[in-house]
>>> print(open('data_23.tsv').read())   # TSV, C-alpha atoms
chain	number	residue	atom	x	y	z
Q	1	MET	CA	1.85	-5.07	32.00
Q	2	SER	CA	0.45	-1.53	32.45
Q	3	SER	CA	-2.08	-0.17	29.98
Q	4	HIS	CA	0.36	2.66	29.18
Q	5	ARG	CA	3.08	0.17	28.27
Q	6	THR	CA	0.64	-1.87	26.19
Q	7	ARG	CA	-0.48	1.20	24.25
Q	8	ALA	CA	3.15	2.15	23.64
Q	9	LEU	CA	3.83	-1.28	22.15
Q	10	ARG	CA	0.83	-1.00	19.84
Q	11	ALA	CA	1.61	2.54	18.70
Q	12	PRO	CA	4.11	1.81	15.87
Q	13	ALA	CA	1.75	-0.64	14.16
Q	14	VAL	CA	-1.26	1.66	14.60
Q	15	LEU	CA	0.62	4.66	13.23
Q	16	ALA	CA	2.06	2.71	10.31
Q	17	PHE	CA	-1.30	1.32	9.16
Q	18	ALA	CA	-3.00	4.70	9.65
Q	19	GLY	CA	-0.19	6.46	7.77
Q	20	SER	CA	-0.44	3.96	4.93
Q	21	ALA	CA	-4.19	4.57	4.77
Q	22	LEU	CA	-3.83	8.34	4.51
Q	23	ALA	CA	-1.04	8.15	1.94
Q	24	LEU	CA	-2.77	5.63	-0.34
Q	25	ALA	CA	-6.04	7.60	-0.21
Q	26	ALA	CA	-4.32	10.92	-0.94
Q	27	TYR	CA	-2.37	9.49	-3.89
Q	28	PRO	CA	-5.29	9.21	-6.37
Q	29	ILE	CA	-7.05	12.26	-4.93
Q	30	LEU	CA	-4.07	14.57	-5.51
Q	31	ARG	CA	-2.92	13.01	-8.77
Q	32	PRO	CA	-3.72	15.19	-11.83
Q	33	TRP	CA	-6.23	13.46	-14.10
Q	34	GLY	CA	-5.71	15.28	-17.40
Q	35	PRO	CA	-5.40	13.59	-20.80
Q	36	GLU	CA	-1.60	13.04	-20.50
Q	37	THR	CA	-1.25	14.20	-24.10
Q	38	GLY	CA	-0.42	17.56	-25.63
Q	39	LEU	CA	0.60	20.59	-23.62
Q	40	GLU	CA	-2.19	19.96	-21.11
Q	41	GLY	CA	-0.70	16.57	-20.33
Q	42	ALA	CA	2.77	18.10	-20.17
Q	43	SER	CA	1.48	20.66	-17.67
Q	44	ASP	CA	0.10	17.87	-15.50
Q	45	PHE	CA	3.42	16.04	-15.53
Q	46	ALA	CA	5.27	19.28	-14.75
Q	47	SER	CA	2.99	20.23	-11.85
Q	48	ALA	CA	4.04	19.86	-8.23
Q	49	ALA	CA	0.99	17.66	-7.61
Q	50	TRP	CA	2.30	14.95	-9.95
Q	51	PRO	CA	5.43	13.91	-7.99
Q	52	ILE	CA	3.80	14.60	-4.63
Q	53	ALA	CA	0.90	12.25	-5.41
Q	54	HIS	CA	3.19	9.46	-6.61
Q	55	LEU	CA	5.52	9.98	-3.65
Q	56	LEU	CA	2.54	9.49	-1.35
Q	57	GLY	CA	1.80	6.23	-3.15
Q	58	MET	CA	5.36	5.07	-2.47
Q	59	ILE	CA	5.08	6.13	1.16
Q	60	GLY	CA	1.82	4.20	1.46
Q	61	PHE	CA	3.44	0.95	0.31
Q	62	VAL	CA	6.48	1.42	2.56
Q	63	THR	CA	4.40	2.19	5.65
Q	64	LEU	CA	2.23	-0.86	4.96
Q	65	ALA	CA	5.36	-3.03	5.11
Q	66	LEU	CA	6.46	-1.17	8.25
Q	67	GLY	CA	3.05	-1.84	9.79
Q	68	LEU	CA	3.44	-5.57	9.21
Q	69	ARG	CA	6.92	-5.42	10.70
Q	70	ALA	CA	5.65	-3.63	13.81
Q	71	LEU	CA	2.75	-6.07	14.09
Q	72	ALA	CA	5.10	-9.05	13.99
Q	73	THR	CA	7.09	-7.80	16.98
Q	74	MET	CA	4.37	-6.07	18.97
Q	75	GLY	CA	4.04	-6.72	22.67
Q	76	PRO	CA	5.68	-9.13	25.08
Q	77	ASN	CA	4.06	-12.12	23.35
Q	78	PRO	CA	4.69	-11.52	19.65
Q	79	TRP	CA	2.86	-13.60	17.11
Q	80	PRO	CA	4.70	-16.52	15.53
Q	81	PRO	CA	7.12	-15.24	12.88
Q	82	GLY	CA	5.92	-17.84	10.40
Q	83	SER	CA	2.74	-15.85	9.65
Q	84	VAL	CA	3.21	-12.08	9.83
Q	85	ARG	CA	6.91	-12.26	8.97
Q	86	ARG	CA	6.17	-13.97	5.67
Q	87	SER	CA	3.63	-11.30	4.80
Q	88	GLU	CA	6.13	-8.63	5.78
Q	89	THR	CA	8.83	-10.19	3.59
Q	90	LEU	CA	6.48	-10.29	0.61
Q	91	ALA	CA	5.48	-6.68	1.26
Q	92	TRP	CA	9.11	-5.55	1.20
Q	93	LEU	CA	9.71	-7.48	-2.01
Q	94	ALA	CA	6.66	-5.79	-3.54
Q	95	VAL	CA	8.05	-2.41	-2.47
Q	96	ALA	CA	11.42	-3.22	-4.05
Q	97	PHE	CA	9.81	-4.01	-7.41
Q	98	LEU	CA	7.24	-1.19	-7.37
Q	99	LEU	CA	9.31	1.78	-6.28
Q	100	PRO	CA	11.59	2.05	-9.36
Q	101	PHE	CA	8.55	2.39	-11.61
Q	102	TYR	CA	6.89	4.87	-9.27
Q	103	GLY	CA	10.12	6.86	-9.01
Q	104	GLY	CA	10.31	7.14	-12.78
Q	105	GLU	CA	6.67	8.21	-12.92
Q	106	ALA	CA	7.11	10.78	-10.16
Q	107	PHE	CA	10.38	12.44	-11.08
Q	108	GLY	CA	11.23	11.31	-14.62
Q	109	LEU	CA	7.88	12.29	-16.09
Q	110	GLN	CA	7.92	15.59	-14.23
Q	111	ALA	CA	11.23	16.44	-15.87
Q	112	VAL	CA	9.87	15.45	-19.28
Q	113	GLY	CA	6.75	17.54	-18.69
Q	114	GLN	CA	8.74	20.57	-17.62
Q	115	TYR	CA	10.88	20.36	-20.74
Q	116	ALA	CA	7.80	19.99	-22.96
Q	117	VAL	CA	6.16	23.04	-21.38
Q	118	GLU	CA	9.28	25.19	-21.61
Q	119	ALA	CA	9.98	24.18	-25.22
Q	120	GLN	CA	6.27	24.15	-26.15
Q	121	ASP	CA	6.96	20.76	-27.71
Q	122	PRO	CA	4.43	18.11	-26.58
Q	123	ALA	CA	5.99	15.58	-28.95
Q	124	VAL	CA	8.60	14.76	-26.31
Q	125	LEU	CA	5.84	13.16	-24.25
Q	126	SER	CA	6.36	10.07	-26.40
Q	127	ILE	CA	9.22	9.38	-23.99
Q	128	ALA	CA	6.59	8.68	-21.34
Q	129	ASP	CA	5.13	5.84	-23.40
Q	130	THR	CA	8.61	4.45	-24.03
Q	131	PHE	CA	9.29	4.38	-20.30
Q	132	ARG	CA	5.93	3.03	-19.22
Q	133	ASN	CA	5.77	0.29	-21.84
Q	134	GLY	CA	9.38	-0.82	-21.66
Q	135	PRO	CA	9.59	-4.59	-21.14
Q	136	LEU	CA	11.84	-4.39	-18.09
Q	137	ALA	CA	9.79	-1.64	-16.48
Q	138	LEU	CA	6.54	-3.50	-17.06
Q	139	THR	CA	8.02	-6.78	-15.81
Q	140	THR	CA	9.30	-5.36	-12.53
Q	141	PHE	CA	6.10	-3.40	-11.99
Q	142	GLY	CA	4.01	-6.49	-12.73
Q	143	ILE	CA	6.00	-8.60	-10.29
Q	144	GLY	CA	5.52	-5.95	-7.61
Q	145	LEU	CA	1.76	-5.87	-8.18
Q	146	LEU	CA	1.59	-9.67	-8.09
Q	147	LEU	CA	3.44	-9.72	-4.77
Q	148	LEU	CA	1.07	-7.02	-3.51
Q	149	LEU	CA	-1.84	-9.26	-4.47
Q	150	VAL	CA	-0.41	-12.11	-2.40
Q	151	VAL	CA	0.10	-9.78	0.56
Q	152	GLY	CA	-3.54	-8.71	0.30
Q	153	VAL	CA	-4.78	-12.30	0.35
Q	154	ARG	CA	-2.60	-13.14	3.34
Q	155	ILE	CA	-3.76	-10.10	5.32
Q	156	ALA	CA	-7.42	-10.97	4.68
Q	157	VAL	CA	-6.82	-14.57	5.80
Q	158	GLU	CA	-4.72	-13.61	8.83
Q	159	LEU	CA	-7.40	-11.25	10.15
Q	160	TRP	CA	-10.42	-13.43	9.38
Q	161	GLY	CA	-10.78	-14.84	12.88
Q	162	SER	CA	-9.81	-11.68	14.73
Q	163	GLY	CA	-13.11	-10.01	15.49
Q	164	PRO	CA	-15.53	-8.04	13.27
Q	165	VAL	CA	-13.47	-4.84	12.99
Q	166	ALA	CA	-10.25	-6.61	12.05
Q	167	ARG	CA	-12.11	-9.02	9.77
Q	168	LEU	CA	-13.77	-6.20	7.80
Q	169	GLY	CA	-10.51	-4.28	7.68
Q	170	GLY	CA	-8.65	-7.32	6.41
Q	171	LEU	CA	-11.26	-7.96	3.72
Q	172	LEU	CA	-11.13	-4.35	2.50
Q	173	VAL	CA	-7.32	-4.29	2.52
Q	174	GLY	CA	-7.21	-7.63	0.74
Q	175	ALA	CA	-9.71	-6.49	-1.89
Q	176	GLY	CA	-7.83	-3.24	-2.38
Q	177	LEU	CA	-4.44	-4.90	-2.85
Q	178	VAL	CA	-5.77	-7.72	-5.02
Q	179	THR	CA	-7.39	-5.20	-7.39
Q	180	TYR	CA	-4.49	-2.76	-7.49
Q	181	LEU	CA	-3.60	-3.77	-11.04
Q	182	PRO	CA	-7.09	-3.65	-12.62
Q	183	GLN	CA	-7.91	-0.35	-10.95
Q	184	PHE	CA	-5.24	1.31	-13.09
Q	185	TYR	CA	-7.61	0.83	-16.04
Q	186	GLY	CA	-10.54	2.48	-14.29
Q	187	THR	CA	-11.82	6.03	-14.54
Q	188	PRO	CA	-10.47	8.69	-12.16
Q	189	ALA	CA	-13.60	8.26	-10.02
Q	190	VAL	CA	-13.03	4.50	-9.81
Q	191	ARG	CA	-9.40	4.95	-8.86
Q	192	ILE	CA	-10.20	7.53	-6.20
Q	193	ALA	CA	-12.92	5.27	-4.77
Q	194	HIS	CA	-10.46	2.37	-4.78
Q	195	GLY	CA	-7.96	4.39	-2.76
Q	196	ILE	CA	-10.63	5.38	-0.24
Q	197	ILE	CA	-11.83	1.78	0.20
Q	198	LEU	CA	-8.27	0.54	0.71
Q	199	ALA	CA	-7.65	3.35	3.18
Q	200	ALA	CA	-10.82	2.46	5.09
Q	201	GLY	CA	-9.59	-1.11	5.46
Q	202	LEU	CA	-6.18	0.00	6.70
Q	203	LEU	CA	-7.79	2.35	9.22
Q	204	LEU	CA	-10.00	-0.47	10.51
Q	205	VAL	CA	-6.92	-2.64	10.95
Q	206	ALA	CA	-5.25	0.21	12.86
Q	207	LEU	CA	-8.37	0.54	15.02
Q	208	ALA	CA	-8.44	-3.20	15.73
Q	209	ILE	CA	-4.79	-3.11	16.80
Q	210	SER	CA	-5.39	-0.10	19.06
Q	211	ARG	CA	-8.28	-1.91	20.76
Q	212	GLN	CA	-6.51	-5.23	21.08
Q	213	ALA	CA	-6.67	-6.98	24.44
Q	214	GLY	CA	-3.59	-6.64	26.57
Q	215	ARG	CA	-2.74	-10.35	26.17
Q	216	PRO	CA	-2.68	-11.37	22.53
Q	217	GLN	CA	-4.18	-14.76	21.84
Q	218	VAL	CA	-1.63	-16.61	19.75
Q	219	LEU	CA	-2.83	-19.30	17.38
Q	220	ARG	CA	-0.37	-21.67	15.76
Q	221	GLY	CA	0.17	-22.19	12.09
Q	222	ASP	CA	0.55	-20.29	8.88
Q	223	PRO	CA	-2.40	-17.99	8.00
Q	224	VAL	CA	-2.96	-19.83	4.75
Q	225	GLU	CA	-3.47	-23.01	6.77
Q	226	ARG	CA	-5.28	-21.57	9.77
Q	227	ALA	CA	-7.18	-18.28	9.66
Q	228	GLY	CA	-6.98	-15.79	12.47
Q	229	SER	CA	-3.35	-16.18	13.47
Q	230	LEU	CA	-3.12	-12.48	14.36
Q	231	SER	CA	-6.12	-12.61	16.69
Q	232	LEU	CA	-6.72	-8.87	16.90
Q	233	GLU	CA	-9.74	-8.84	19.14
Q	234	ALA	CA	-11.89	-5.76	18.51
Q	235	ASN	CA	-13.05	-5.19	22.06
>>> encode(input="data_23.tsv", output="structure tokens")
Amino acid sequence: MSSHRTRALRAPAVLAFAGSALALAAYPILRPWGPETGLEGASDFASAAWPIAHLLGMIGFVTLALGLRALATMGPNPWPPGSVRRSETLAWLAVAFLLPFYGGEAFGLQAVGQYAVEAQDPAVLSIADTFRNGPLALTTFGIGLLLLLVVGVRIAVELWGSGPVARLGGLLVGAGLVTYLPQFYGTPAVRIAHGIILAAGLLLVALAISRQAGRPQVLRGDPVERAGSLSLEAN
């Protein structure tokens, strides 16, 4: 197979992981970090940066799942579906549970903030707490984060035996996804740093894919049972 053809087969996975990295790093950087109370908080909700930042977070999760999908079918000798496909399935399930909450945060809270600013009535921001702490909303969001945690562990395990670049990328991605829930309780600086670390891991995975040898080395077995099933050699 020509090197041009090989690069073309790698491109969707490389672009998806790189796009996910940029989106998930930009999300906490662009997100307003005001007190979320009073008219100042209402102004943050009403700002254009609020929905844009959360939309980038949603895009980051979707492109991560797309990257796993592209990785599972990349090249003339795709990896066994029992490894990457399971991670991809879990990633899509995580997306399905996370996006409703993120959509409410992005667009619902912006509408509430705009009303509060126009009416000069910050008391309506109590609706935000009702939405965020609703049992169904918290349950679906929690399930999505738990699934994201499992995806992170699987990615770290799958890339462990795939060369130093992929291994480091997998560890950073795994750490970033596993800690996605606790980082919500961190300071703005912690959350921004978390997004940058996760993005660095995703970019390293994209780099490892772009440098992969023309003939993928396929190892048998599920990644939980045998590390390195993706075998992304960082040449």
>>> closest_atom_pairs(input="data_23.tsv", of="segment 87-182 of chain Q", to="segment 68-72 of chain Q", cutoff="9 Å", atoms="only C-alpha atoms", output="Markdown table")
| residue | atom | partner | partner_atom | distance |
| --- | --- | --- | --- | --- |
| Q:Ser87 | CA | Q:Leu68 | CA | 7.2 |
| Q:Glu88 | CA | Q:Leu68 | CA | 5.3 |
| Q:Thr89 | CA | Q:Arg69 | CA | 8.8 |
| Q:Ala91 | CA | Q:Leu68 | CA | 8.3 |
>>> residues_around(input="data_23.tsv", residues="segment 137-153 of chain Q", least_positions_apart="3", cutoff="6 Å", atoms="all atoms listed in the file", output="PyMOL selection string")
chain Q and resi 87+94+97-98+134+156+174+177-178
>>> write_last_selection(input="data_23.tsv", atoms="C-alpha atoms", output="CSV table (one decimal), keeping the file's coordinate frame")
chain,number,residue,atom,x,y,z
Q,87,SER,CA,3.6,-11.3,4.8
Q,94,ALA,CA,6.7,-5.8,-3.5
Q,97,PHE,CA,9.8,-4.0,-7.4
Q,98,LEU,CA,7.2,-1.2,-7.4
Q,134,GLY,CA,9.4,-0.8,-21.7
Q,156,ALA,CA,-7.4,-11.0,4.7
Q,174,GLY,CA,-7.2,-7.6,0.7
Q,177,LEU,CA,-4.4,-4.9,-2.8
Q,178,VAL,CA,-5.8,-7.7,-5.0
>>> atom_distance(input="data_23.tsv", atom1="atom CA of Asp121 of chain Q", atom2="atom CA of Ile29 of chain Q")
28.1 Å
>>> closest_residue(input="data_23.tsv", among="Q:Leu109, Q:Val190, Q:Ala200, Q:Ala46", to="Phe131 of chain Q", atoms="all atoms listed in the file")
Q:Leu109
>>> closest_residue(input="data_23.tsv", among="Q:Arg167, Q:Arg85, Q:Arg191, Q:Arg31", to="Glu105 of chain Q", atoms="all atoms listed in the file")
Q:Arg31
>>> closest_residue(input="data_23.tsv", among="Q:Ala175, Q:Phe17, Q:Ala199, Q:Leu204", to="Gly163 of chain Q", atoms="all atoms listed in the file")
Q:Leu204
>>> residues_around(input="data_23.tsv", residues="segment 54-65 of chain Q", least_positions_apart="4", cutoff="6 Å", atoms="only C-alpha atoms", output="list of chain:residue names")
Q:Ala16, Q:Phe17, Q:Ser20, Q:Ala23, Q:Leu24, Q:Tyr27, Q:Glu88, Q:Ala91, Q:Trp92, Q:Ala106
>>> atom_distance(input="data_23.tsv", atom1="atom CA of Ile209 of chain Q", atom2="atom CA of Val14 of chain Q")
6.3 Å
>>> residues_around(input="data_23.tsv", residues="Ile127 of chain Q", least_positions_apart="2", cutoff="12 Å", atoms="all atoms listed in the file", output="list in words")
Glu36, Thr37, Ala42, Gly104, Glu105, Gly108, Leu109, Gln110, Ala111, Val112, Gly113, Tyr115, Ala116, Pro122, Ala123, Val124, Leu125, Asp129, Thr130, Phe131, Arg132, Asn133 and Gly134 of chain Q
>>> decode(input="data_23.tsv", residues="segment 53-153 of chain Q", atoms="C-alpha atoms", output="PDB file, in the first residue's frame")
ATOM      1  CA  ALA Q  53     -17.805  26.905  25.671  1.00  0.00           C
ATOM      2  CA  HIS Q  54     -20.322  24.194  26.549  1.00  0.00           C
ATOM      3  CA  LEU Q  55     -20.935  23.445  22.874  1.00  0.00           C
ATOM      4  CA  LEU Q  56     -17.194  22.878  22.481  1.00  0.00           C
ATOM      5  CA  GLY Q  57     -17.353  20.440  25.386  1.00  0.00           C
ATOM      6  CA  MET Q  58     -20.095  18.514  23.595  1.00  0.00           C
ATOM      7  CA  ILE Q  59     -18.113  18.551  20.359  1.00  0.00           C
ATOM      8  CA  GLY Q  60     -15.074  17.238  22.233  1.00  0.00           C
ATOM      9  CA  PHE Q  61     -16.971  14.194  23.523  1.00  0.00           C
ATOM     10  CA  VAL Q  62     -18.533  13.462  20.129  1.00  0.00           C
ATOM     11  CA  THR Q  63     -15.234  13.714  18.257  1.00  0.00           C
ATOM     12  CA  LEU Q  64     -13.606  11.415  20.820  1.00  0.00           C
ATOM     13  CA  ALA Q  65     -16.210   8.765  19.992  1.00  0.00           C
ATOM     14  CA  LEU Q  66     -15.686   9.441  16.283  1.00  0.00           C
ATOM     15  CA  GLY Q  67     -11.943   8.997  16.773  1.00  0.00           C
ATOM     16  CA  LEU Q  68     -12.473   5.578  18.311  1.00  0.00           C
ATOM     17  CA  ARG Q  69     -14.787   4.673  15.456  1.00  0.00           C
ATOM     18  CA  ALA Q  70     -12.208   5.722  12.866  1.00  0.00           C
ATOM     19  CA  LEU Q  71      -9.485   3.875  14.753  1.00  0.00           C
ATOM     20  CA  ALA Q  72     -11.508   0.662  14.754  1.00  0.00           C
ATOM     21  CA  THR Q  73     -11.820   0.649  10.962  1.00  0.00           C
ATOM     22  CA  MET Q  74      -8.515   2.219   9.977  1.00  0.00           C
ATOM     23  CA  GLY Q  75      -6.415   0.640   7.275  1.00  0.00           C
ATOM     24  CA  PRO Q  76      -6.614  -2.599   5.340  1.00  0.00           C
ATOM     25  CA  ASN Q  77      -5.971  -4.648   8.490  1.00  0.00           C
ATOM     26  CA  PRO Q  78      -8.340  -3.170  11.071  1.00  0.00           C
ATOM     27  CA  TRP Q  79      -7.922  -4.089  14.691  1.00  0.00           C
ATOM     28  CA  PRO Q  80     -10.230  -6.744  16.139  1.00  0.00           C
ATOM     29  CA  PRO Q  81     -13.668  -5.240  16.808  1.00  0.00           C
ATOM     30  CA  GLY Q  82     -13.766  -6.777  20.267  1.00  0.00           C
ATOM     31  CA  SER Q  83     -11.399  -4.118  21.666  1.00  0.00           C
ATOM     32  CA  VAL Q  84     -11.814  -0.700  20.063  1.00  0.00           C
ATOM     33  CA  ARG Q  85     -15.453  -1.301  19.153  1.00  0.00           C
ATOM     34  CA  ARG Q  86     -16.380  -1.863  22.788  1.00  0.00           C
ATOM     35  CA  SER Q  87     -14.645   1.357  23.773  1.00  0.00           C
ATOM     36  CA  GLU Q  88     -16.422   3.150  20.950  1.00  0.00           C
ATOM     37  CA  THR Q  89     -19.809   1.804  22.055  1.00  0.00           C
ATOM     38  CA  LEU Q  90     -19.200   2.957  25.622  1.00  0.00           C
ATOM     39  CA  ALA Q  91     -18.100   6.366  24.345  1.00  0.00           C
ATOM     40  CA  TRP Q  92     -21.331   6.794  22.371  1.00  0.00           C
ATOM     41  CA  LEU Q  93     -23.364   5.759  25.397  1.00  0.00           C
ATOM     42  CA  ALA Q  94     -21.492   8.327  27.480  1.00  0.00           C
ATOM     43  CA  VAL Q  95     -22.267  10.967  24.852  1.00  0.00           C
ATOM     44  CA  ALA Q  96     -25.956  10.027  24.896  1.00  0.00           C
ATOM     45  CA  PHE Q  97     -26.172  10.514  28.671  1.00  0.00           C
ATOM     46  CA  LEU Q  98     -23.975  13.626  28.875  1.00  0.00           C
ATOM     47  CA  LEU Q  99     -25.322  15.752  26.043  1.00  0.00           C
ATOM     48  CA  PRO Q 100     -28.820  16.441  27.473  1.00  0.00           C
ATOM     49  CA  PHE Q 101     -27.275  17.943  30.602  1.00  0.00           C
ATOM     50  CA  TYR Q 102     -24.746  19.934  28.597  1.00  0.00           C
ATOM     51  CA  GLY Q 103     -27.481  21.155  26.256  1.00  0.00           C
ATOM     52  CA  GLY Q 104     -29.488  22.427  29.204  1.00  0.00           C
ATOM     53  CA  GLU Q 105     -26.405  24.142  30.608  1.00  0.00           C
ATOM     54  CA  ALA Q 106     -25.510  25.715  27.282  1.00  0.00           C
ATOM     55  CA  PHE Q 107     -28.853  26.941  26.010  1.00  0.00           C
ATOM     56  CA  GLY Q 108     -31.290  26.711  28.925  1.00  0.00           C
ATOM     57  CA  LEU Q 109     -29.101  28.650  31.338  1.00  0.00           C
ATOM     58  CA  GLN Q 110     -28.315  31.233  28.684  1.00  0.00           C
ATOM     59  CA  ALA Q 111     -32.030  31.900  28.264  1.00  0.00           C
ATOM     60  CA  VAL Q 112     -32.472  32.160  32.033  1.00  0.00           C
ATOM     61  CA  GLY Q 113     -29.512  34.533  32.270  1.00  0.00           C
ATOM     62  CA  GLN Q 114     -30.805  36.725  29.475  1.00  0.00           C
ATOM     63  CA  TYR Q 115     -34.187  37.015  31.162  1.00  0.00           C
ATOM     64  CA  ALA Q 116     -32.571  37.835  34.514  1.00  0.00           C
ATOM     65  CA  VAL Q 117     -30.442  40.570  32.944  1.00  0.00           C
ATOM     66  CA  GLU Q 118     -33.326  42.100  31.005  1.00  0.00           C
ATOM     67  CA  ALA Q 119     -35.673  42.023  34.011  1.00  0.00           C
ATOM     68  CA  GLN Q 120     -32.894  42.930  36.472  1.00  0.00           C
ATOM     69  CA  ASP Q 121     -34.171  40.034  38.572  1.00  0.00           C
ATOM     70  CA  PRO Q 122     -31.345  37.685  39.656  1.00  0.00           C
ATOM     71  CA  ALA Q 123     -33.806  35.667  41.755  1.00  0.00           C
ATOM     72  CA  VAL Q 124     -34.774  33.687  38.661  1.00  0.00           C
ATOM     73  CA  LEU Q 125     -31.318  32.109  38.728  1.00  0.00           C
ATOM     74  CA  SER Q 126     -32.744  29.694  41.296  1.00  0.00           C
ATOM     75  CA  ILE Q 127     -34.057  27.856  38.234  1.00  0.00           C
ATOM     76  CA  ALA Q 128     -30.454  26.940  37.464  1.00  0.00           C
ATOM     77  CA  ASP Q 129     -30.108  25.101  40.772  1.00  0.00           C
ATOM     78  CA  THR Q 130     -33.419  23.330  40.178  1.00  0.00           C
ATOM     79  CA  PHE Q 131     -32.199  22.100  36.807  1.00  0.00           C
ATOM     80  CA  ARG Q 132     -28.708  21.135  37.876  1.00  0.00           C
ATOM     81  CA  ASN Q 133     -29.775  19.310  41.028  1.00  0.00           C
ATOM     82  CA  GLY Q 134     -32.817  17.562  39.607  1.00  0.00           C
ATOM     83  CA  PRO Q 135     -32.655  13.818  40.333  1.00  0.00           C
ATOM     84  CA  LEU Q 136     -33.134  12.752  36.719  1.00  0.00           C
ATOM     85  CA  ALA Q 137     -30.626  15.274  35.402  1.00  0.00           C
ATOM     86  CA  LEU Q 138     -28.026  14.267  37.973  1.00  0.00           C
ATOM     87  CA  THR Q 139     -28.632  10.560  37.355  1.00  0.00           C
ATOM     88  CA  THR Q 140     -28.188  10.751  33.590  1.00  0.00           C
ATOM     89  CA  PHE Q 141     -25.179  13.029  33.944  1.00  0.00           C
ATOM     90  CA  GLY Q 142     -23.634  10.703  36.529  1.00  0.00           C
ATOM     91  CA  ILE Q 143     -24.137   7.671  34.298  1.00  0.00           C
ATOM     92  CA  GLY Q 144     -22.475   9.512  31.428  1.00  0.00           C
ATOM     93  CA  LEU Q 145     -19.476  10.427  33.571  1.00  0.00           C
ATOM     94  CA  LEU Q 146     -19.190   6.850  34.835  1.00  0.00           C
ATOM     95  CA  LEU Q 147     -19.181   5.549  31.261  1.00  0.00           C
ATOM     96  CA  LEU Q 148     -16.567   8.170  30.394  1.00  0.00           C
ATOM     97  CA  LEU Q 149     -14.440   6.852  33.251  1.00  0.00           C
ATOM     98  CA  VAL Q 150     -14.614   3.326  31.832  1.00  0.00           C
ATOM     99  CA  VAL Q 151     -13.666   4.614  28.376  1.00  0.00           C
ATOM    100  CA  GLY Q 152     -10.648   6.352  29.887  1.00  0.00           C
ATOM    101  CA  VAL Q 153      -9.452   3.176  31.594  1.00  0.00           C
TER     102      VAL Q 153
END
